[in-house]
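Raw contents of data33.tsv, TSV, C-alpha atoms:
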chain	number	residue	atom	x	y	z
A	1	MET	CA	-3.16	23.25	83.94
A	2	GLY	CA	-3.50	23.40	80.15
A	3	LYS	CA	-6.70	23.19	78.13
A	4	ILE	CA	-7.61	21.07	75.13
A	5	ILE	CA	-9.87	22.81	72.62
A	6	ALA	CA	-11.64	21.19	69.67
A	7	ILE	CA	-12.86	23.46	66.87
A	8	HIS	CA	-15.70	21.77	65.02
A	9	SER	CA	-18.65	22.54	62.75
A	10	TYR	CA	-21.62	20.83	61.15
A	11	LYS	CA	-20.85	22.01	57.65
A	12	GLY	CA	-17.63	22.74	55.80
A	13	GLY	CA	-16.39	26.22	54.95
A	14	THR	CA	-17.61	27.82	58.17
A	15	GLY	CA	-14.18	29.10	59.23
A	16	LYS	CA	-12.82	26.36	61.52
A	17	THR	CA	-9.29	26.56	60.14
A	18	LEU	CA	-9.33	30.37	60.13
A	19	PHE	CA	-10.28	30.36	63.82
A	20	SER	CA	-7.92	27.52	64.79
A	21	VAL	CA	-4.88	29.11	63.12
A	22	ASN	CA	-5.62	32.62	64.37
A	23	LEU	CA	-6.53	31.48	67.87
A	24	ALA	CA	-3.30	29.48	68.23
A	25	THR	CA	-1.30	32.42	66.80
A	26	THR	CA	-3.02	34.88	69.17
A	27	PHE	CA	-2.18	32.66	72.15
A	28	ALA	CA	1.48	32.53	71.01
A	29	LEU	CA	1.58	36.30	70.43
A	30	LYS	CA	0.31	36.74	73.99
A	31	GLY	CA	3.24	34.71	75.29
A	32	LYS	CA	1.39	31.43	75.74
A	33	LYS	CA	2.48	28.00	74.58
A	34	ALA	CA	0.04	26.70	71.97
A	35	CYS	CA	-0.02	23.48	70.00
A	36	LEU	CA	-2.26	23.20	66.93
A	37	LEU	CA	-3.12	19.86	65.29
A	38	ASP	CA	-4.67	19.41	61.84
A	39	MET	CA	-7.29	16.72	62.43
A	40	ASP	CA	-8.85	17.13	59.00
A	41	PHE	CA	-7.20	14.12	57.36
A	42	ARG	CA	-9.58	14.19	54.39
A	43	ALA	CA	-8.74	17.74	53.43
A	44	PRO	CA	-5.54	18.85	55.19
A	45	SER	CA	-4.87	22.59	55.10
A	46	LEU	CA	-2.43	23.70	57.80
A	47	HIS	CA	0.63	22.76	55.70
A	48	ALA	CA	-0.51	25.29	53.06
A	49	ILE	CA	-1.35	28.02	55.57
A	50	PHE	CA	1.96	27.71	57.43
A	51	LYS	CA	3.81	26.95	54.17
A	52	VAL	CA	5.47	23.81	55.52
A	53	ASN	CA	5.79	20.85	53.18
A	54	ASN	CA	8.80	18.88	54.35
A	55	VAL	CA	8.29	17.35	57.74
A	56	GLU	CA	10.01	14.46	59.45
A	57	CYS	CA	6.72	12.92	60.55
A	58	TRP	CA	3.08	13.72	59.93
A	59	LEU	CA	0.26	13.56	62.45
A	60	ASN	CA	-0.89	10.50	60.48
A	61	ASP	CA	2.32	8.73	61.59
A	62	TYR	CA	1.66	9.56	65.24
A	63	LEU	CA	-1.88	8.13	65.01
A	64	ASN	CA	-0.51	5.08	63.19
A	65	GLY	CA	1.82	4.55	66.16
A	66	THR	CA	5.02	4.88	64.12
A	67	CYS	CA	6.42	8.02	65.80
A	68	THR	CA	6.13	10.06	68.97
A	69	ILE	CA	4.04	13.24	69.12
A	70	GLN	CA	7.24	15.30	69.58
A	71	LYS	CA	8.50	14.10	66.17
A	72	ALA	CA	5.21	15.01	64.50
A	73	LEU	CA	5.28	18.62	65.72
A	74	VAL	CA	6.86	21.49	63.78
A	75	ASP	CA	8.13	24.45	65.80
A	76	LEU	CA	6.75	27.66	64.30
A	77	SER	CA	7.38	29.85	67.33
A	78	GLU	CA	9.07	32.52	65.17
A	79	ILE	CA	5.53	33.60	64.19
A	80	SER	CA	5.11	34.98	67.70
A	81	GLY	CA	8.39	36.90	67.47
A	82	GLY	CA	9.84	35.00	70.39
A	83	LYS	CA	6.97	35.97	72.72
A	84	GLY	CA	5.38	32.57	72.99
A	85	LYS	CA	5.51	29.10	71.53
A	86	LEU	CA	3.60	27.63	68.57
A	87	LEU	CA	3.91	23.96	67.66
A	88	VAL	CA	1.94	22.57	64.74
A	89	GLY	CA	1.08	18.97	63.86
A	90	LEU	CA	0.34	18.60	60.16
A	91	ALA	CA	-1.91	16.11	58.38
A	92	ASN	CA	-0.34	14.47	55.34
A	93	PRO	CA	-1.90	16.10	52.23
A	94	SER	CA	-0.88	13.37	49.74
A	95	THR	CA	-3.75	11.56	47.99
A	96	GLU	CA	-2.35	8.23	49.13
A	97	ALA	CA	-2.37	9.33	52.78
A	98	ILE	CA	-5.93	10.71	52.50
A	99	ARG	CA	-7.07	7.43	50.95
A	100	ASP	CA	-5.28	5.47	53.66
A	101	MET	CA	-6.87	7.52	56.47
A	102	SER	CA	-10.34	7.16	54.92
A	103	ALA	CA	-10.06	3.37	54.95
A	104	LYS	CA	-9.25	2.88	58.65
A	105	ASP	CA	-11.34	0.38	60.60
A	106	ARG	CA	-13.03	0.70	64.00
A	107	LYS	CA	-10.14	-0.94	65.81
A	108	TRP	CA	-7.71	1.63	64.39
A	109	GLU	CA	-10.07	4.45	65.36
A	110	MET	CA	-10.22	3.04	68.90
A	111	ARG	CA	-6.41	3.12	69.12
A	112	ALA	CA	-6.37	6.62	67.62
A	113	LEU	CA	-8.73	7.76	70.40
A	114	GLY	CA	-6.32	6.32	72.97
A	115	ARG	CA	-3.41	8.21	71.35
A	116	LEU	CA	-5.36	11.48	71.32
A	117	LEU	CA	-6.38	11.03	74.96
A	118	SER	CA	-2.72	10.48	75.88
A	119	LEU	CA	-1.84	13.94	74.48
A	120	ARG	CA	-3.09	15.48	77.73
A	121	ASN	CA	-0.19	13.83	79.46
A	122	SER	CA	2.47	14.23	76.74
A	123	VAL	CA	1.66	17.68	75.31
A	124	LEU	CA	0.12	19.50	78.28
A	125	ASP	CA	1.84	17.92	81.28
A	126	GLU	CA	5.25	16.80	79.97
A	127	MET	CA	5.86	19.46	77.29
A	128	GLY	CA	4.17	22.14	79.41
A	129	MET	CA	1.95	23.56	76.64
A	130	ASP	CA	-0.89	25.86	77.75
A	131	TYR	CA	-3.30	25.04	74.93
A	132	LEU	CA	-3.79	22.13	72.58
A	133	ILE	CA	-6.12	22.99	69.69
A	134	PHE	CA	-7.67	20.43	67.34
A	135	ASP	CA	-8.74	21.76	63.93
A	136	THR	CA	-11.28	19.07	62.99
A	137	SER	CA	-13.15	18.08	59.85
A	138	PRO	CA	-16.87	18.97	59.63
A	139	GLY	CA	-19.78	16.72	60.61
A	140	LEU	CA	-19.89	13.35	62.28
A	141	GLN	CA	-16.58	11.74	61.38
A	142	TYR	CA	-14.33	9.50	63.41
A	143	SER	CA	-11.38	11.92	63.52
A	144	SER	CA	-13.62	14.80	64.63
A	145	ILE	CA	-15.47	12.84	67.30
A	146	ASN	CA	-12.18	11.42	68.60
A	147	ALA	CA	-10.93	15.00	68.96
A	148	ILE	CA	-14.18	16.10	70.66
A	149	VAL	CA	-13.99	13.24	73.18
A	150	SER	CA	-10.37	14.18	73.99
A	151	ALA	CA	-11.12	17.91	74.42
A	152	ASP	CA	-12.10	20.00	77.46
A	153	LEU	CA	-13.87	22.67	75.42
A	154	VAL	CA	-15.60	22.47	72.06
A	155	PHE	CA	-16.10	25.53	69.87
A	156	VAL	CA	-18.63	25.03	67.11
A	157	ILE	CA	-18.29	27.44	64.23
A	158	SER	CA	-21.59	28.04	62.49
A	159	THR	CA	-22.72	30.40	59.80
A	160	ILE	CA	-26.29	31.77	59.79
A	161	ASP	CA	-27.19	29.43	56.93
A	162	ALA	CA	-30.46	27.68	57.92
A	163	SER	CA	-29.13	24.14	57.38
A	164	ASP	CA	-25.95	24.94	59.30
A	165	VAL	CA	-27.90	26.34	62.28
A	166	GLN	CA	-30.23	23.34	62.28
A	167	GLY	CA	-27.34	20.85	62.08
A	168	THR	CA	-25.44	22.66	64.84
A	169	LYS	CA	-28.50	22.53	67.11
A	170	ARG	CA	-28.85	18.81	66.44
A	171	MET	CA	-25.18	18.17	67.23
A	172	LEU	CA	-25.58	20.06	70.53
A	173	CYS	CA	-28.15	17.52	71.70
A	174	GLU	CA	-26.96	14.40	69.94
A	175	LEU	CA	-23.18	14.72	70.13
A	176	TYR	CA	-21.63	17.24	72.51
A	177	ASP	CA	-24.21	16.74	75.29
A	178	LEU	CA	-23.80	12.96	75.13
A	179	PHE	CA	-20.08	13.36	75.82
A	180	GLU	CA	-20.81	16.02	78.49
A	181	LYS	CA	-18.62	18.59	76.75
A	182	LYS	CA	-18.56	22.29	77.51
A	183	THR	CA	-19.68	23.57	74.13
A	184	TYR	CA	-19.78	27.12	72.78
A	185	ILE	CA	-21.00	28.43	69.46
A	186	ILE	CA	-19.15	31.01	67.40
A	187	LEU	CA	-21.43	32.52	64.78
A	188	ASN	CA	-19.29	33.44	61.83
A	189	LYS	CA	-19.88	35.44	58.63
A	190	VAL	CA	-22.84	37.24	60.21
A	191	LEU	CA	-24.17	39.83	57.76
A	192	MET	CA	-26.62	41.56	60.12
A	193	ASP	CA	-25.54	44.69	61.99
A	194	ILE	CA	-25.90	43.39	65.55
A	195	SER	CA	-25.18	46.82	67.03
A	196	SER	CA	-28.67	47.85	65.89
A	197	LYS	CA	-31.92	46.59	67.40
A	198	ARG	CA	-33.26	45.65	63.98
A	199	GLY	CA	-30.11	43.62	63.20
A	200	LYS	CA	-30.35	41.76	66.51
A	201	GLU	CA	-34.00	40.92	65.88
A	202	GLU	CA	-33.20	39.75	62.38
A	203	LEU	CA	-30.46	37.46	63.70
A	204	SER	CA	-32.69	36.08	66.49
A	205	GLU	CA	-35.39	35.41	63.95
A	206	ARG	CA	-32.94	33.51	61.75
A	207	LEU	CA	-31.59	31.40	64.61
A	208	GLY	CA	-34.83	30.78	66.53
A	209	ASN	CA	-34.73	30.16	70.33
A	210	THR	CA	-31.43	32.01	70.68
A	211	HIS	CA	-31.67	31.91	74.48
A	212	THR	CA	-31.07	28.13	74.38
A	213	LEU	CA	-27.87	28.46	72.34
A	214	PRO	CA	-24.52	28.85	74.14
A	215	ILE	CA	-23.27	31.64	71.85
A	216	PHE	CA	-19.68	32.59	72.63
A	217	GLU	CA	-19.08	35.22	69.98
A	218	ILE	CA	-20.79	36.75	66.95
A	219	VAL	CA	-18.28	37.49	64.22
A	220	PRO	CA	-19.21	39.67	61.27
A	221	CYS	CA	-18.38	38.78	57.68
A	222	PHE	CA	-15.01	40.36	56.81
A	223	CYS	CA	-14.69	40.72	53.04
A	224	ASP	CA	-10.94	41.38	53.18
A	225	ILE	CA	-10.32	38.14	55.12
A	226	LEU	CA	-12.43	36.18	52.64
A	227	LYS	CA	-10.56	37.81	49.76
A	228	ALA	CA	-7.19	36.94	51.30
A	229	GLY	CA	-8.23	33.27	51.16
A	230	GLY	CA	-5.83	32.05	53.83
A	231	THR	CA	-2.72	33.55	52.22
A	232	TYR	CA	-1.70	35.21	55.48
A	233	ILE	CA	-2.44	34.87	59.19
A	234	VAL	CA	-4.61	37.84	60.17
A	235	ALA	CA	-3.66	37.84	63.87
A	236	LYS	CA	0.02	38.05	62.92
A	237	GLU	CA	-0.05	40.32	59.85
A	238	LYS	CA	-2.88	42.66	60.87
A	239	PRO	CA	-2.91	42.95	64.67
A	240	GLN	CA	-5.04	46.11	64.46
A	241	HIS	CA	-7.76	44.40	62.40
A	242	PHE	CA	-11.12	44.11	64.19
A	243	PHE	CA	-10.94	40.32	63.77
A	244	SER	CA	-7.55	40.21	65.55
A	245	LYS	CA	-8.96	42.31	68.38
A	246	MET	CA	-11.94	39.97	68.66
A	247	LEU	CA	-9.53	37.04	68.91
A	248	CYS	CA	-7.61	38.76	71.72
A	249	HIS	CA	-10.89	39.20	73.55
A	250	MET	CA	-11.80	35.55	72.91
A	251	THR	CA	-8.48	34.27	74.30
A	252	GLU	CA	-9.16	36.24	77.50
A	253	LYS	CA	-12.61	34.67	77.77
A	254	ILE	CA	-11.20	31.18	77.13
A	255	ASN	CA	-8.72	31.67	79.97
A	256	HIS	CA	-11.65	32.03	82.33
A	257	LEU	CA	-13.73	29.11	81.08
B	1	MET	CA	-27.11	-5.99	77.13
B	2	GLU	CA	-28.08	-8.77	74.71
B	3	VAL	CA	-24.69	-10.36	75.28
B	4	MET	CA	-25.33	-10.31	79.02
B	5	ILE	CA	-28.77	-11.91	78.67
B	6	GLU	CA	-27.32	-14.55	76.35
B	7	LEU	CA	-24.56	-15.33	78.85
B	8	GLN	CA	-26.98	-15.49	81.76
B	9	LYS	CA	-29.16	-17.91	79.77
B	10	HIS	CA	-26.22	-20.27	79.73
B	11	GLY	CA	-25.80	-19.89	83.47
B	12	LYS	CA	-22.46	-18.05	83.18
B	13	THR	CA	-22.03	-14.98	85.32
B	14	ASP	CA	-18.32	-14.69	86.08
B	15	THR	CA	-17.03	-11.99	83.75
B	16	GLU	CA	-13.47	-13.30	83.87
B	17	ASN	CA	-14.52	-16.44	81.99
B	18	PHE	CA	-15.27	-14.37	78.91
B	19	ALA	CA	-11.93	-12.70	78.22
B	20	ASP	CA	-12.13	-13.92	74.62
B	21	ILE	CA	-15.26	-11.89	73.80
B	22	THR	CA	-14.07	-8.53	72.53
B	23	ALA	CA	-15.52	-5.61	70.57
B	24	PRO	CA	-13.79	-2.34	69.65
B	25	LEU	CA	-14.67	0.55	71.95
B	26	ASP	CA	-14.62	3.30	69.33
B	27	VAL	CA	-16.43	6.65	69.48
B	28	MET	CA	-19.39	5.49	67.39
B	29	THR	CA	-19.90	2.62	69.84
B	30	LEU	CA	-19.63	5.11	72.73
B	31	LEU	CA	-22.27	7.31	71.06
B	32	SER	CA	-24.70	4.41	70.77
B	33	MET	CA	-24.33	3.34	74.42
B	34	PRO	CA	-26.82	4.22	77.17
B	35	ASP	CA	-25.70	7.34	79.08
B	36	HIS	CA	-24.74	5.54	82.31
B	37	LEU	CA	-22.43	3.07	80.54
B	38	ARG	CA	-20.93	5.72	78.25
B	39	LYS	CA	-19.75	7.71	81.27
B	40	THR	CA	-18.02	4.68	82.74
B	41	ALA	CA	-16.53	3.59	79.40
B	42	ILE	CA	-15.10	7.07	78.62
B	43	THR	CA	-13.57	7.25	82.08
B	44	VAL	CA	-11.75	3.95	81.53
B	45	CYS	CA	-10.59	5.20	78.10
B	46	ARG	CA	-9.16	8.31	79.79
B	47	LEU	CA	-7.54	6.49	82.70
B	48	GLY	CA	-6.23	3.65	80.53
B	49	ARG	CA	-6.43	1.07	83.32
B	50	ALA	CA	-8.46	1.54	86.47
B	51	THR	CA	-10.23	-0.07	89.41
B	52	ALA	CA	-13.94	0.53	90.13
B	53	GLU	CA	-12.82	2.82	92.97
B	54	GLU	CA	-10.72	4.97	90.63
B	55	VAL	CA	-13.54	5.20	88.09
B	56	ALA	CA	-16.00	6.12	90.87
B	57	GLN	CA	-13.72	8.97	91.98
B	58	GLN	CA	-13.91	10.47	88.47
B	59	THR	CA	-17.62	9.93	87.83
B	60	LYS	CA	-18.69	10.86	91.39
B	61	ARG	CA	-20.88	7.77	91.56
B	62	ALA	CA	-20.77	4.95	94.08
B	63	ARG	CA	-18.03	2.33	93.74
B	64	ALA	CA	-20.58	-0.50	93.73
B	65	VAL	CA	-22.48	1.17	90.90
B	66	GLU	CA	-19.30	1.57	88.85
B	67	SER	CA	-18.33	-2.00	89.60
B	68	ALA	CA	-21.65	-3.21	88.16
B	69	TYR	CA	-21.31	-1.02	85.04
B	70	LEU	CA	-17.69	-2.09	84.52
B	71	ASN	CA	-18.59	-5.76	84.72
B	72	GLN	CA	-21.44	-5.14	82.29
B	73	LEU	CA	-18.98	-3.56	79.85
B	74	VAL	CA	-16.71	-6.61	80.25
B	75	LEU	CA	-19.65	-8.91	79.43
B	76	MET	CA	-20.46	-6.81	76.39
B	77	GLY	CA	-16.86	-7.33	75.22
B	78	TYR	CA	-15.76	-3.67	75.38
B	79	LEU	CA	-13.46	-3.94	78.41
B	80	LYS	CA	-11.09	-6.52	79.82
B	81	LYS	CA	-10.76	-7.38	83.50
B	82	GLU	CA	-7.62	-8.51	85.25
B	83	ARG	CA	-7.12	-9.41	88.88
B	84	GLN	CA	-4.03	-8.40	90.83
B	85	GLY	CA	-4.31	-9.67	94.40
B	86	ARG	CA	-7.51	-8.26	95.86
B	87	LYS	CA	-7.86	-5.58	93.19
B	88	ALA	CA	-9.63	-5.91	89.85
B	89	TYR	CA	-8.38	-3.71	87.03
B	90	PHE	CA	-10.43	-2.78	83.97
B	91	TYR	CA	-8.93	-1.66	80.65
B	92	VAL	CA	-9.60	-1.33	76.93
B	93	ASP	CA	-7.92	-4.14	75.03
B	94	LYS	CA	-6.31	-2.24	72.16
B	95	GLU	CA	-5.04	-5.38	70.49
B	96	ASN	CA	-8.42	-7.12	70.47
B	97	LYS	CA	-9.85	-9.11	67.61
B	98	GLU	CA	-13.31	-8.41	66.22

Could you rewrite the structure in this file as structure tokens?
Amino acid sequence: MGKIIAIHSYKGGTGKTLFSVNLATTFALKGKKACLLDMDFRAPSLHAIFKVNNVECWLNDYLNGTCTIQKALVDLSEISGGKGKLLVGLANPSTEAIRDMSAKDRKWEMRALGRLLSLRNSVLDEMGMDYLIFDTSPGLQYSSINAIVSADLVFVISTIDASDVQGTKRMLCELYDLFEKKTYIILNKVLMDISSKRGKEELSERLGNTHTLPIFEIVPCFCDILKAGGTYIVAKEKPQHFFSKMLCHMTEKINHL
Amino acid sequence: MEVMIELQKHGKTDTENFADITAPLDVMTLLSMPDHLRKTAITVCRLGRATAEEVAQQTKRARAVESAYLNQLVLMGYLKKERQGRKAYFYVDKENKE
């Protein structure tokens, strides 16, 4: 049975899209069938990363009820070199579409939740995908919470920034726990050397009460990835990179969750 | 809850008489609900349309408990109830009016 994963964060710029794209690509490279949806309707980014601009239907159209999910998915399986499958649902990046999505009412959001919940049946059961990944927008927003409610697992990407850590801790108690979601934290852009005792202590000190946090992975800050600025997919272009190897390890762990 | 008290004040207890009272069951509403009702409401959202028995199977709570919570959600305007023979089905009315 497939899994639905929501990638979320308290603040923006933590690395949600980097993880979503590379995680979906890693799954495909390992021969799995992955489907990635851009749920950040206020700042869409997957179209730029995958360099796809002309699509028949956007994810916005699916949530508006004007097309099926199959029509809103773009097949990018060639990224995996024929090993696996990668389908991507893109959010419409036009200003008009962003404005339109920002002005939706509660009734529309309720229907959107119903459509996201139905993806378990259409994408996982009928299309036979192994993983459905939601790349969400940061903070408490309708589209993100809809994705969280529809997911089996939630990965929260947090930096070691004090406000980010505090906000993430608050969301653990006041959001994910309320929906009884299996939640895991990925600490990203960590500057401390956690292989040393001093580095570990420094990190614990920064986070406070680390034993209460469900930390899934601690990812160091990779300058070359930051410099690349999303111009290429690390897991695909640099399979020997430490980040790609970490992702392989993470996909194994996710399989067993 | 206030809706329920208000309805009881008027001596009305049959949930099926209040099919016209509706409120959108969106995620912000779910977040603001008490834990016991949220669990029931999310289960109905997932199942689409379900009996108290089917909801109880998912939540691992007693059918009678779920039946009470479901009827409470109907009174609050978040769910609709429809009878088919001896069975009562609960669902989210996606076409409702605020």

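The closest residue to Asn146 (chain A), picked from B:Thr22, B:Ala62, B:Leu75, B:Met28 and counting only C-alpha atoms, is B:Met28.
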
As a ChimeraX atom specification, please: the residues near region 13-21 of chain A (cut-off 8 Å, all atoms listed in the file, same-chain neighbours under 5 positions excluded). /A:7-8,36,45-46,133-136,157-159,188-189,230,233

Write down, as number ranges by chain, each residue of chain A that has any atom within 8 Å of an atom of chain B, counting only C-alpha atoms. A: 106-107, 109-111, 113-114, 117-118, 142, 145-146, 149, 175, 178-179

Report, in Å with one decimal, the straight-line distance from CA of Met101 (chain A) to CA of Ala43 (chain A).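 About the pair CA of Met101 (chain A) and CA of Ala43 (chain A): they are 10.8 Å apart.
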
Rounded to one decimal place, report the CA of Ser102 (chain A)-CA of Val55 (chain A) distance in Å. 21.4 Å

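In this structure, CA of Ile225 (chain A) sits 8.9 Å away from CA of Phe243 (chain A).
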
Work out where the centre of an axis-aligned box around every listed atom of region 159-177 of chain A lies and how long its edges are once 8 Å is added on each side; give both in Å to one decimal as JSON.
{"center_x": -26.0, "center_y": 23.1, "center_z": 66.1, "size_x": 24.8, "size_y": 33.4, "size_z": 34.4}
